[in-house]
Structure formats: structure tokens, C-alpha cells
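Enquirer: This is query_39.pdb (PDB, C-alpha atoms, pLDDT in the B column).
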ATOM      1  CA  MET A   7      25.774  29.833  -5.067  1.00 38.00           C
ATOM      2  CA  HIS A   8      26.048  33.163  -3.269  1.00 50.00           C
ATOM      3  CA  LYS A   9      28.062  36.069  -4.573  1.00 66.00           C
ATOM      4  CA  ASN A  10      30.557  37.485  -2.155  1.00 94.00           C
ATOM      5  CA  GLU A  11      29.611  40.390   0.069  1.00 95.00           C
ATOM      6  CA  VAL A  12      31.988  42.888  -1.543  1.00 96.00           C
ATOM      7  CA  LEU A  13      30.619  42.162  -5.016  1.00 96.00           C
ATOM      8  CA  GLN A  14      27.065  42.484  -3.699  1.00 97.00           C
ATOM      9  CA  THR A  15      27.927  45.808  -2.086  1.00 97.00           C
ATOM     10  CA  GLN A  16      29.475  47.028  -5.348  1.00 97.00           C
ATOM     11  CA  GLN A  17      26.311  46.053  -7.221  1.00 97.00           C
ATOM     12  CA  TRP A  18      24.192  47.891  -4.646  1.00 97.00           C
ATOM     13  CA  LEU A  19      26.356  50.988  -5.152  1.00 97.00           C
ATOM     14  CA  GLU A  20      26.041  50.747  -8.934  1.00 96.00           C
ATOM     15  CA  LYS A  21      22.307  50.003  -9.086  1.00 97.00           C
ATOM     16  CA  ILE A  22      20.932  52.084  -6.232  1.00 97.00           C
ATOM     17  CA  ILE A  23      23.375  54.668  -4.872  1.00 97.00           C
ATOM     18  CA  VAL A  24      24.878  55.676  -8.234  1.00 96.00           C
ATOM     19  CA  GLY A  25      22.077  54.392 -10.459  1.00 96.00           C
ATOM     20  CA  LEU A  26      19.464  56.556  -8.732  1.00 96.00           C
ATOM     21  CA  ASN A  27      21.965  59.332  -7.955  1.00 93.00           C
ATOM     22  CA  PHE A  28      21.369  59.018  -4.195  1.00 95.00           C
ATOM     23  CA  CYS A  29      24.928  60.221  -3.759  1.00 93.00           C
ATOM     24  CA  PRO A  30      25.879  62.550  -6.607  1.00 88.00           C
ATOM     25  CA  PHE A  31      29.545  62.184  -5.639  1.00 89.00           C
ATOM     26  CA  ALA A  32      29.745  58.382  -5.669  1.00 93.00           C
ATOM     27  CA  LYS A  33      29.853  57.811  -9.426  1.00 91.00           C
ATOM     28  CA  LYS A  34      33.252  59.472  -9.835  1.00 92.00           C
ATOM     29  CA  GLU A  35      34.769  57.316  -7.097  1.00 94.00           C
ATOM     30  CA  LEU A  36      33.164  54.157  -8.455  1.00 94.00           C
ATOM     31  CA  VAL A  37      34.426  54.860 -11.982  1.00 94.00           C
ATOM     32  CA  ASN A  38      37.891  55.846 -10.730  1.00 95.00           C
ATOM     33  CA  ASN A  39      38.063  52.751  -8.508  1.00 96.00           C
ATOM     34  CA  THR A  40      38.954  54.831  -5.441  1.00 96.00           C
ATOM     35  CA  ILE A  41      36.598  53.067  -3.029  1.00 97.00           C
ATOM     36  CA  HIS A  42      38.184  50.658  -0.565  1.00 97.00           C
ATOM     37  CA  TYR A  43      35.970  47.757   0.507  1.00 97.00           C
ATOM     38  CA  HIS A  44      36.837  46.152   3.827  1.00 96.00           C
ATOM     39  CA  LEU A  45      34.978  42.990   4.718  1.00 96.00           C
ATOM     40  CA  SER A  46      34.650  42.555   8.466  1.00 96.00           C
ATOM     41  CA  SER A  47      33.564  39.370  10.188  1.00 95.00           C
ATOM     42  CA  GLN A  48      33.622  41.055  13.596  1.00 96.00           C
ATOM     43  CA  VAL A  49      30.641  40.372  15.835  1.00 96.00           C
ATOM     44  CA  LYS A  50      31.932  41.902  19.063  1.00 97.00           C
ATOM     45  CA  LEU A  51      31.472  45.638  19.458  1.00 97.00           C
ATOM     46  CA  GLN A  52      34.960  46.403  20.814  1.00 97.00           C
ATOM     47  CA  LYS A  53      36.724  44.433  18.076  1.00 97.00           C
ATOM     48  CA  ALA A  54      34.559  46.075  15.395  1.00 98.00           C
ATOM     49  CA  LEU A  55      35.434  49.521  16.750  1.00 98.00           C
ATOM     50  CA  GLU A  56      39.158  48.697  16.804  1.00 97.00           C
ATOM     51  CA  GLU A  57      38.903  47.504  13.212  1.00 97.00           C
ATOM     52  CA  LEU A  58      37.046  50.677  12.167  1.00 97.00           C
ATOM     53  CA  ILE A  59      39.794  52.878  13.597  1.00 97.00           C
ATOM     54  CA  ALA A  60      42.379  50.720  11.828  1.00 97.00           C
ATOM     55  CA  GLN A  61      40.472  51.392   8.596  1.00 97.00           C
ATOM     56  CA  CYS A  62      40.568  55.136   9.307  1.00 98.00           C
ATOM     57  CA  SER A  63      44.345  54.878   9.734  1.00 97.00           C
ATOM     58  CA  TYR A  64      44.570  52.881   6.507  1.00 97.00           C
ATOM     59  CA  LEU A  65      42.579  55.518   4.637  1.00 97.00           C
ATOM     60  CA  GLU A  66      44.692  58.280   6.165  1.00 95.00           C
ATOM     61  CA  GLN A  67      47.851  56.582   4.844  1.00 97.00           C
ATOM     62  CA  HIS A  68      46.483  55.991   1.331  1.00 97.00           C
ATOM     63  CA  ASP A  69      45.778  59.240  -0.489  1.00 94.00           C
ATOM     64  CA  ASP A  70      44.905  57.298  -3.636  1.00 95.00           C
ATOM     65  CA  ILE A  71      41.803  55.918  -1.892  1.00 96.00           C
ATOM     66  CA  GLU A  72      38.975  58.413  -1.593  1.00 95.00           C
ATOM     67  CA  THR A  73      36.594  56.560   0.678  1.00 96.00           C
ATOM     68  CA  SER A  74      36.135  53.273   2.481  1.00 97.00           C
ATOM     69  CA  LEU A  75      33.207  50.966   3.143  1.00 98.00           C
ATOM     70  CA  VAL A  76      33.418  48.626   6.130  1.00 98.00           C
ATOM     71  CA  ILE A  77      30.990  45.783   5.406  1.00 97.00           C
ATOM     72  CA  TYR A  78      29.901  43.663   8.382  1.00 97.00           C
ATOM     73  CA  ASN A  79      28.983  40.257   6.988  1.00 95.00           C
ATOM     74  CA  GLN A  80      28.575  38.515  10.364  1.00 95.00           C
ATOM     75  CA  GLY A  81      27.731  41.011  13.087  1.00 95.00           C
ATOM     76  CA  PHE A  82      25.289  43.814  13.771  1.00 98.00           C
ATOM     77  CA  LYS A  83      22.390  42.192  11.947  1.00 97.00           C
ATOM     78  CA  SER A  84      19.873  43.716  14.342  1.00 97.00           C
ATOM     79  CA  PHE A  85      19.370  47.381  13.565  1.00 97.00           C
ATOM     80  CA  GLU A  86      19.469  48.271  17.269  1.00 96.00           C
ATOM     81  CA  SER A  87      22.900  46.652  17.787  1.00 97.00           C
ATOM     82  CA  TYR A  88      24.072  48.389  14.625  1.00 98.00           C
ATOM     83  CA  LEU A  89      22.908  51.776  15.957  1.00 97.00           C
ATOM     84  CA  ASP A  90      24.962  51.115  19.106  1.00 97.00           C
ATOM     85  CA  LEU A  91      27.985  50.478  16.872  1.00 98.00           C
ATOM     86  CA  VAL A  92      27.371  53.709  14.933  1.00 98.00           C
ATOM     87  CA  ALA A  93      27.031  55.837  18.089  1.00 98.00           C
ATOM     88  CA  LEU A  94      30.183  54.415  19.659  1.00 98.00           C
ATOM     89  CA  ALA A  95      32.071  54.652  16.351  1.00 98.00           C
ATOM     90  CA  GLU A  96      31.250  58.350  16.046  1.00 97.00           C
ATOM     91  CA  ASP A  97      32.490  58.958  19.612  1.00 97.00           C
ATOM     92  CA  LEU A  98      35.612  56.910  18.924  1.00 97.00           C
ATOM     93  CA  LEU A  99      36.422  58.963  15.811  1.00 97.00           C
ATOM     94  CA  ILE A 100      36.574  62.020  18.056  1.00 96.00           C
ATOM     95  CA  ASP A 101      38.534  60.268  20.817  1.00 97.00           C
ATOM     96  CA  SER A 102      41.013  58.897  18.248  1.00 97.00           C
ATOM     97  CA  GLY A 103      41.788  62.310  16.766  1.00 96.00           C
ATOM     98  CA  PHE A 104      39.859  61.766  13.530  1.00 97.00           C
ATOM     99  CA  GLU A 105      37.271  64.485  14.174  1.00 95.00           C
ATOM    100  CA  GLY A 106      37.342  66.894  11.233  1.00 95.00           C
ATOM    101  CA  ILE A 107      39.234  64.322   9.157  1.00 97.00           C
ATOM    102  CA  PHE A 108      36.584  61.633   8.690  1.00 97.00           C
ATOM    103  CA  GLN A 109      32.854  61.326   9.112  1.00 96.00           C
ATOM    104  CA  LEU A 110      30.637  58.275   8.970  1.00 97.00           C
ATOM    105  CA  ALA A 111      27.572  57.450   6.937  1.00 97.00           C
ATOM    106  CA  SER A 112      25.570  54.413   7.907  1.00 97.00           C
ATOM    107  CA  PHE A 113      23.720  51.763   5.924  1.00 98.00           C
ATOM    108  CA  HIS A 114      21.874  48.666   7.087  1.00 98.00           C
ATOM    109  CA  PRO A 115      19.462  46.130   5.538  1.00 97.00           C
ATOM    110  CA  ASP A 116      16.777  47.155   8.077  1.00 97.00           C
ATOM    111  CA  TYR A 117      17.551  50.875   8.173  1.00 98.00           C
ATOM    112  CA  TYR A 118      14.642  53.090   9.044  1.00 96.00           C
ATOM    113  CA  PHE A 119      14.417  56.740   9.896  1.00 95.00           C
ATOM    114  CA  GLU A 120      13.100  57.637  13.317  1.00 93.00           C
ATOM    115  CA  GLY A 121       9.441  58.582  13.121  1.00 93.00           C
ATOM    116  CA  GLU A 122       8.925  56.827   9.775  1.00 92.00           C
ATOM    117  CA  ASP A 123       7.147  53.551   9.099  1.00 95.00           C
ATOM    118  CA  PHE A 124       9.525  50.639   8.594  1.00 95.00           C
ATOM    119  CA  ASP A 125       7.986  50.048   5.147  1.00 94.00           C
ATOM    120  CA  ASP A 126       8.383  53.662   3.974  1.00 97.00           C
ATOM    121  CA  PRO A 127      10.361  53.567   0.683  1.00 97.00           C
ATOM    122  CA  ALA A 128      12.418  56.537   1.962  1.00 97.00           C
ATOM    123  CA  ASN A 129      14.279  54.121   4.235  1.00 97.00           C
ATOM    124  CA  PHE A 130      15.855  52.529   1.167  1.00 97.00           C
ATOM    125  CA  THR A 131      18.073  55.582   0.758  1.00 97.00           C
ATOM    126  CA  ASN A 132      20.098  54.016   3.602  1.00 97.00           C
ATOM    127  CA  ARG A 133      19.363  50.315   3.149  1.00 97.00           C
ATOM    128  CA  SER A 134      22.199  48.114   1.956  1.00 97.00           C
ATOM    129  CA  PRO A 135      22.802  44.406   1.509  1.00 97.00           C
ATOM    130  CA  TYR A 136      24.855  44.272   4.755  1.00 97.00           C
ATOM    131  CA  PRO A 137      25.439  46.516   7.757  1.00 98.00           C
ATOM    132  CA  THR A 138      27.984  49.005   6.418  1.00 98.00           C
ATOM    133  CA  LEU A 139      29.869  51.992   7.767  1.00 98.00           C
ATOM    134  CA  HIS A 140      31.066  54.442   5.145  1.00 98.00           C
ATOM    135  CA  ILE A 141      34.181  56.399   6.096  1.00 98.00           C
ATOM    136  CA  ILE A 142      34.182  59.735   4.282  1.00 96.00           C
ATOM    137  CA  ARG A 143      37.040  62.220   4.056  1.00 96.00           C
ATOM    138  CA  GLU A 144      35.661  65.502   5.387  1.00 94.00           C
ATOM    139  CA  GLN A 145      38.044  67.584   3.259  1.00 93.00           C
ATOM    140  CA  SER A 146      36.814  65.866   0.103  1.00 90.00           C
ATOM    141  CA  MET A 147      33.184  66.269   1.133  1.00 89.00           C
ATOM    142  CA  ALA A 148      33.686  69.983   1.800  1.00 88.00           C
ATOM    143  CA  ARG A 149      35.322  70.358  -1.622  1.00 87.00           C
ATOM    144  CA  VAL A 150      32.465  68.737  -3.554  1.00 85.00           C
ATOM    145  CA  LEU A 151      29.744  70.412  -1.517  1.00 84.00           C
ATOM    146  CA  ALA A 152      31.279  73.813  -2.277  1.00 84.00           C
ATOM    147  CA  VAL A 153      30.670  73.333  -6.003  1.00 84.00           C
ATOM    148  CA  TYR A 154      27.428  71.327  -5.891  1.00 82.00           C
ATOM    149  CA  LYS A 155      24.287  73.367  -6.396  1.00 85.00           C
ATOM    150  CA  ASN A 156      21.848  73.121  -3.452  1.00 89.00           C
ATOM    151  CA  PRO A 157      23.433  70.160  -1.614  1.00 88.00           C
ATOM    152  CA  GLU A 158      20.924  70.575   1.220  1.00 89.00           C
ATOM    153  CA  GLN A 159      18.244  69.300  -1.182  1.00 94.00           C
ATOM    154  CA  ILE A 160      19.960  65.920  -1.733  1.00 93.00           C
ATOM    155  CA  PRO A 161      18.154  64.084   1.124  1.00 94.00           C
ATOM    156  CA  ASP A 162      14.714  65.418   0.118  1.00 95.00           C
ATOM    157  CA  ASN A 163      15.375  64.590  -3.545  1.00 95.00           C
ATOM    158  CA  ASN A 164      16.435  61.061  -2.568  1.00 96.00           C
ATOM    159  CA  ILE A 165      13.310  60.551  -0.471  1.00 96.00           C
ATOM    160  CA  ALA A 166      11.119  61.734  -3.345  1.00 97.00           C
ATOM    161  CA  VAL A 167      12.845  59.332  -5.783  1.00 97.00           C
ATOM    162  CA  ALA A 168      12.605  56.441  -3.317  1.00 98.00           C
ATOM    163  CA  ARG A 169       8.909  57.044  -2.683  1.00 97.00           C
ATOM    164  CA  LYS A 170       8.232  57.299  -6.405  1.00 98.00           C
ATOM    165  CA  LYS A 171      10.031  53.973  -7.028  1.00 98.00           C
ATOM    166  CA  GLY A 172       8.360  52.261  -4.078  1.00 97.00           C
ATOM    167  CA  SER A 173       9.534  49.615  -1.619  1.00 97.00           C
ATOM    168  CA  ARG A 174       8.930  46.725  -3.992  1.00 97.00           C
ATOM    169  CA  PHE A 175      11.400  48.187  -6.526  1.00 97.00           C
ATOM    170  CA  PHE A 176      14.200  48.294  -3.937  1.00 97.00           C
ATOM    171  CA  SER A 177      13.323  44.973  -2.333  1.00 96.00           C
ATOM    172  CA  GLU A 178      13.571  43.267  -5.721  1.00 97.00           C
ATOM    173  CA  ILE A 179      16.978  44.803  -6.464  1.00 97.00           C
ATOM    174  CA  LEU A 180      18.368  43.885  -3.059  1.00 96.00           C
ATOM    175  CA  LYS A 181      16.963  40.364  -3.307  1.00 95.00           C
ATOM    176  CA  ASP A 182      18.454  39.982  -6.777  1.00 95.00           C
ATOM    177  CA  ILE A 183      21.859  41.259  -5.630  1.00 95.00           C
ATOM    178  CA  LYS A 184      22.034  38.709  -2.809  1.00 88.00           C
ATOM    179  CA  ARG A 185      21.282  35.712  -5.082  1.00 85.00           C
TER     180      ARG A 185
END
In C-alpha cells, write the structure found in this file.
Expert:
Amino acid sequence: MHKNEVLQTQQWLEKIIVGLNFCPFAKKELVNNTIHYHLSSQVKLQKALEELIAQCSYLEQHDDIETSLVIYNQGFKSFESYLDLVALAEDLLIDSGFEGIFQLASFHPDYYFEGEDFDDPANFTNRSPYPTLHIIREQSMARVLAVYKNPEQIPDNNIAVARKKGSRFFSEILKDIKR
């Protein structure tokens, strides 16, 4: 029996993103239950983009929700098609008047950084159980970055932790989560 995609995403957040402190700001939102999880079965690019903008509007209307994860359980399984979605989504945020209000972070099961080997453990800083777009409030991000010491070091610290843990460590966790 498979666990549902939202539960698997929550476990990924707990075990990897918060557990390894990849995002020092995520624990507070996880504990406070201010993360909105939206499960999307969209497979068509245009419909997925429309749904993403609807999620931005939803987040804009709900001040009690800090951030939102749009989890694609059907579409965008190829990393290349997912990158197309991300690029168009970022343009659409601007065209829809959400520039300066929201920004996107991207996660995918096959995420890899340009110029890096696919098997480099550093890629696991952005690997998730499902293709996922994270909608972040820019105002909130600016607020936490203003009080966080050396925020520019977060990506390098994450890469160092990921490489120390190794690909097998992350693969096992992700495999376990999806059981």
C-alpha cells in the first residue's frame, strides 16, 4: 500500500529539508502547521500554470498560511518538462502581478544542477519525492534573511552536508518515504 503524496512530501520535509537543516526557516512553518500542500494531477503545461496562479491567489488571501507546496503527482516526471514548467511559471508570476510578492523554489526527483554529475549528492538538496513548486512569500523571506547570520552560505553548507551524507543516504530515505 502506498502512502499518499502529501504525506510523503511532509515526511521528506521532516527528514531531509528540516532534519538536515537544508532550509533553516522551514522548521518553524512545519511546527506551526503554516504550510499549505496542494496536490495537482495536472499533466498539461497550461492547466498546471493556471493552477499555480490560483495557488498564488489562494496564498495571497490566506495570511495564516506562510508558504505553499504544489505537488505534481501525475505530470512533469521528466526533469526537462519540469524545467519548462518552472521557466514559464516564473514568467507567469511576473505577468500576473505577483513579482515581488512571491518567488518559486523548485524540487524534482531527478533534480540536478547544471554542470554537476547526475549522481552528485549535492543534487539531493533539491530532490523531492514528486515534482514540486514551492511558493514563497518574498516579504517573509526578506524578514528572515535580515536576521539570519550569513544566509549566502546556506547553499554551500547544504552541498557540504549532502556530499558528506552521500547519495545512498538520500536514496534510501526517499525510497523509504515512497513505500
Enquirer: Rounded to one decimal place, report the atom CA of Lys170 of chain A-atom CA of His114 of chain A distance in Å.
Expert: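 Separation between atom CA of Lys170 of chain A and atom CA of His114 of chain A: 21.0 Å.
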Enquirer: For the point (19.0, 50.8, 10.3) in file coordinates, what residues are within 8 Å, counting only C-alpha atoms? Give the answer as number ranges by chain?
Expert: A: 85-86, 88-89, 112-119, 132-133
Enquirer: Tell me which of A:Asp90, A:Val76, A:Asn164, A:Arg169 sits closest to Val24 of chain A, counting all atoms listed in the file.
Expert: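 The answer is A:Asn164, which sits nearest to Val24 of chain A.
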Enquirer: Would you kindly translate the PyMOL selection byres ((chain A and resi 30-39) around 12) into the concrete residues it picks from this file, as a ChimeraX atom specification?
Expert: /A:15-29,40-43,70-74,140,142,146-151,153-157,159-161,163-164
Enquirer: Rounded to one decimal place, report the atom CA of Ala168 of chain A-atom CA of Ala128 of chain A distance in Å.
Expert: 5.3 Å
Enquirer: Considering only C-alpha atoms, can you say which of A:Glu122, A:Glu57, A:Asp97, A:Glu11 comes closest to Gln80 of chain A?
Expert: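 Between A:Glu122, A:Glu57, A:Asp97, A:Glu11, the residue approaching Gln80 of chain A most closely is A:Glu11.
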Enquirer: Would you compute the distance between atom CA of Pro135 of chain A and atom CA of Ala60 of chain A? Give it in Å to one decimal.
Expert: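 Distance reported for this atom pair: 23.0 Å.
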Enquirer: For the structure shown, which residues end up in the PyMOL selection byres ((chain A and resi 46-54) around 7)? Put them as a PyMOL selection string, please?
Expert: chain A and resi 44-45+55-58+76-82+91
Enquirer: Between A:Leu65, A:Leu139, A:Leu75, A:Val12, single out the one closest to Ile107 of chain A, counting all atoms listed in the file.
Expert: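 Going through A:Leu65, A:Leu139, A:Leu75, A:Val12 one by one, the smallest distance to Ile107 of chain A is for A:Leu65.
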Enquirer: Around all listed atoms of segment 102-118 of chain A, padded 5 Å per side, what centre and edge lengths does the axis-aligned box have in Å to one decimal, as lines of an AutoDock Vina configuration file?
Expert:
center_x = 28.2
center_y = 56.5
center_z = 11.9
size_x = 37.1
size_y = 30.8
size_z = 22.7
Enquirer: A:Ile141, A:Leu13, A:Ile59, A:Val167: which is nearest Asp101 of chain A, counting only C-alpha atoms?
Expert: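 Residue with the minimum atom-to-atom distance to Asp101 of chain A: A:Ile59.
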Enquirer: Any chance you could resolve the PyMOL selection byres ((chain A and resi 176) around 10) against this file and give the residues as an mmCIF file with C-alpha atoms, in the frame of the given file?
Expert:
data_model
loop_
_atom_site.group_PDB
_atom_site.id
_atom_site.type_symbol
_atom_site.label_atom_id
_atom_site.label_comp_id
_atom_site.auth_asym_id
_atom_site.auth_seq_id
_atom_site.Cartn_x
_atom_site.Cartn_y
_atom_site.Cartn_z
ATOM 1 C CA LYS A 21 22.307 50.003 -9.086
ATOM 2 C CA ILE A 22 20.932 52.084 -6.232
ATOM 3 C CA PRO A 127 10.361 53.567 0.683
ATOM 4 C CA PHE A 130 15.855 52.529 1.167
ATOM 5 C CA THR A 131 18.073 55.582 0.758
ATOM 6 C CA ARG A 133 19.363 50.315 3.149
ATOM 7 C CA SER A 134 22.199 48.114 1.956
ATOM 8 C CA ALA A 168 12.605 56.441 -3.317
ATOM 9 C CA LYS A 171 10.031 53.973 -7.028
ATOM 10 C CA GLY A 172 8.360 52.261 -4.078
ATOM 11 C CA SER A 173 9.534 49.615 -1.619
ATOM 12 C CA ARG A 174 8.930 46.725 -3.992
ATOM 13 C CA PHE A 175 11.400 48.187 -6.526
ATOM 14 C CA SER A 177 13.323 44.973 -2.333
ATOM 15 C CA GLU A 178 13.571 43.267 -5.721
ATOM 16 C CA ILE A 179 16.978 44.803 -6.464
ATOM 17 C CA LEU A 180 18.368 43.885 -3.059
ATOM 18 C CA LYS A 181 16.963 40.364 -3.307
ATOM 19 C CA ASP A 182 18.454 39.982 -6.777
#
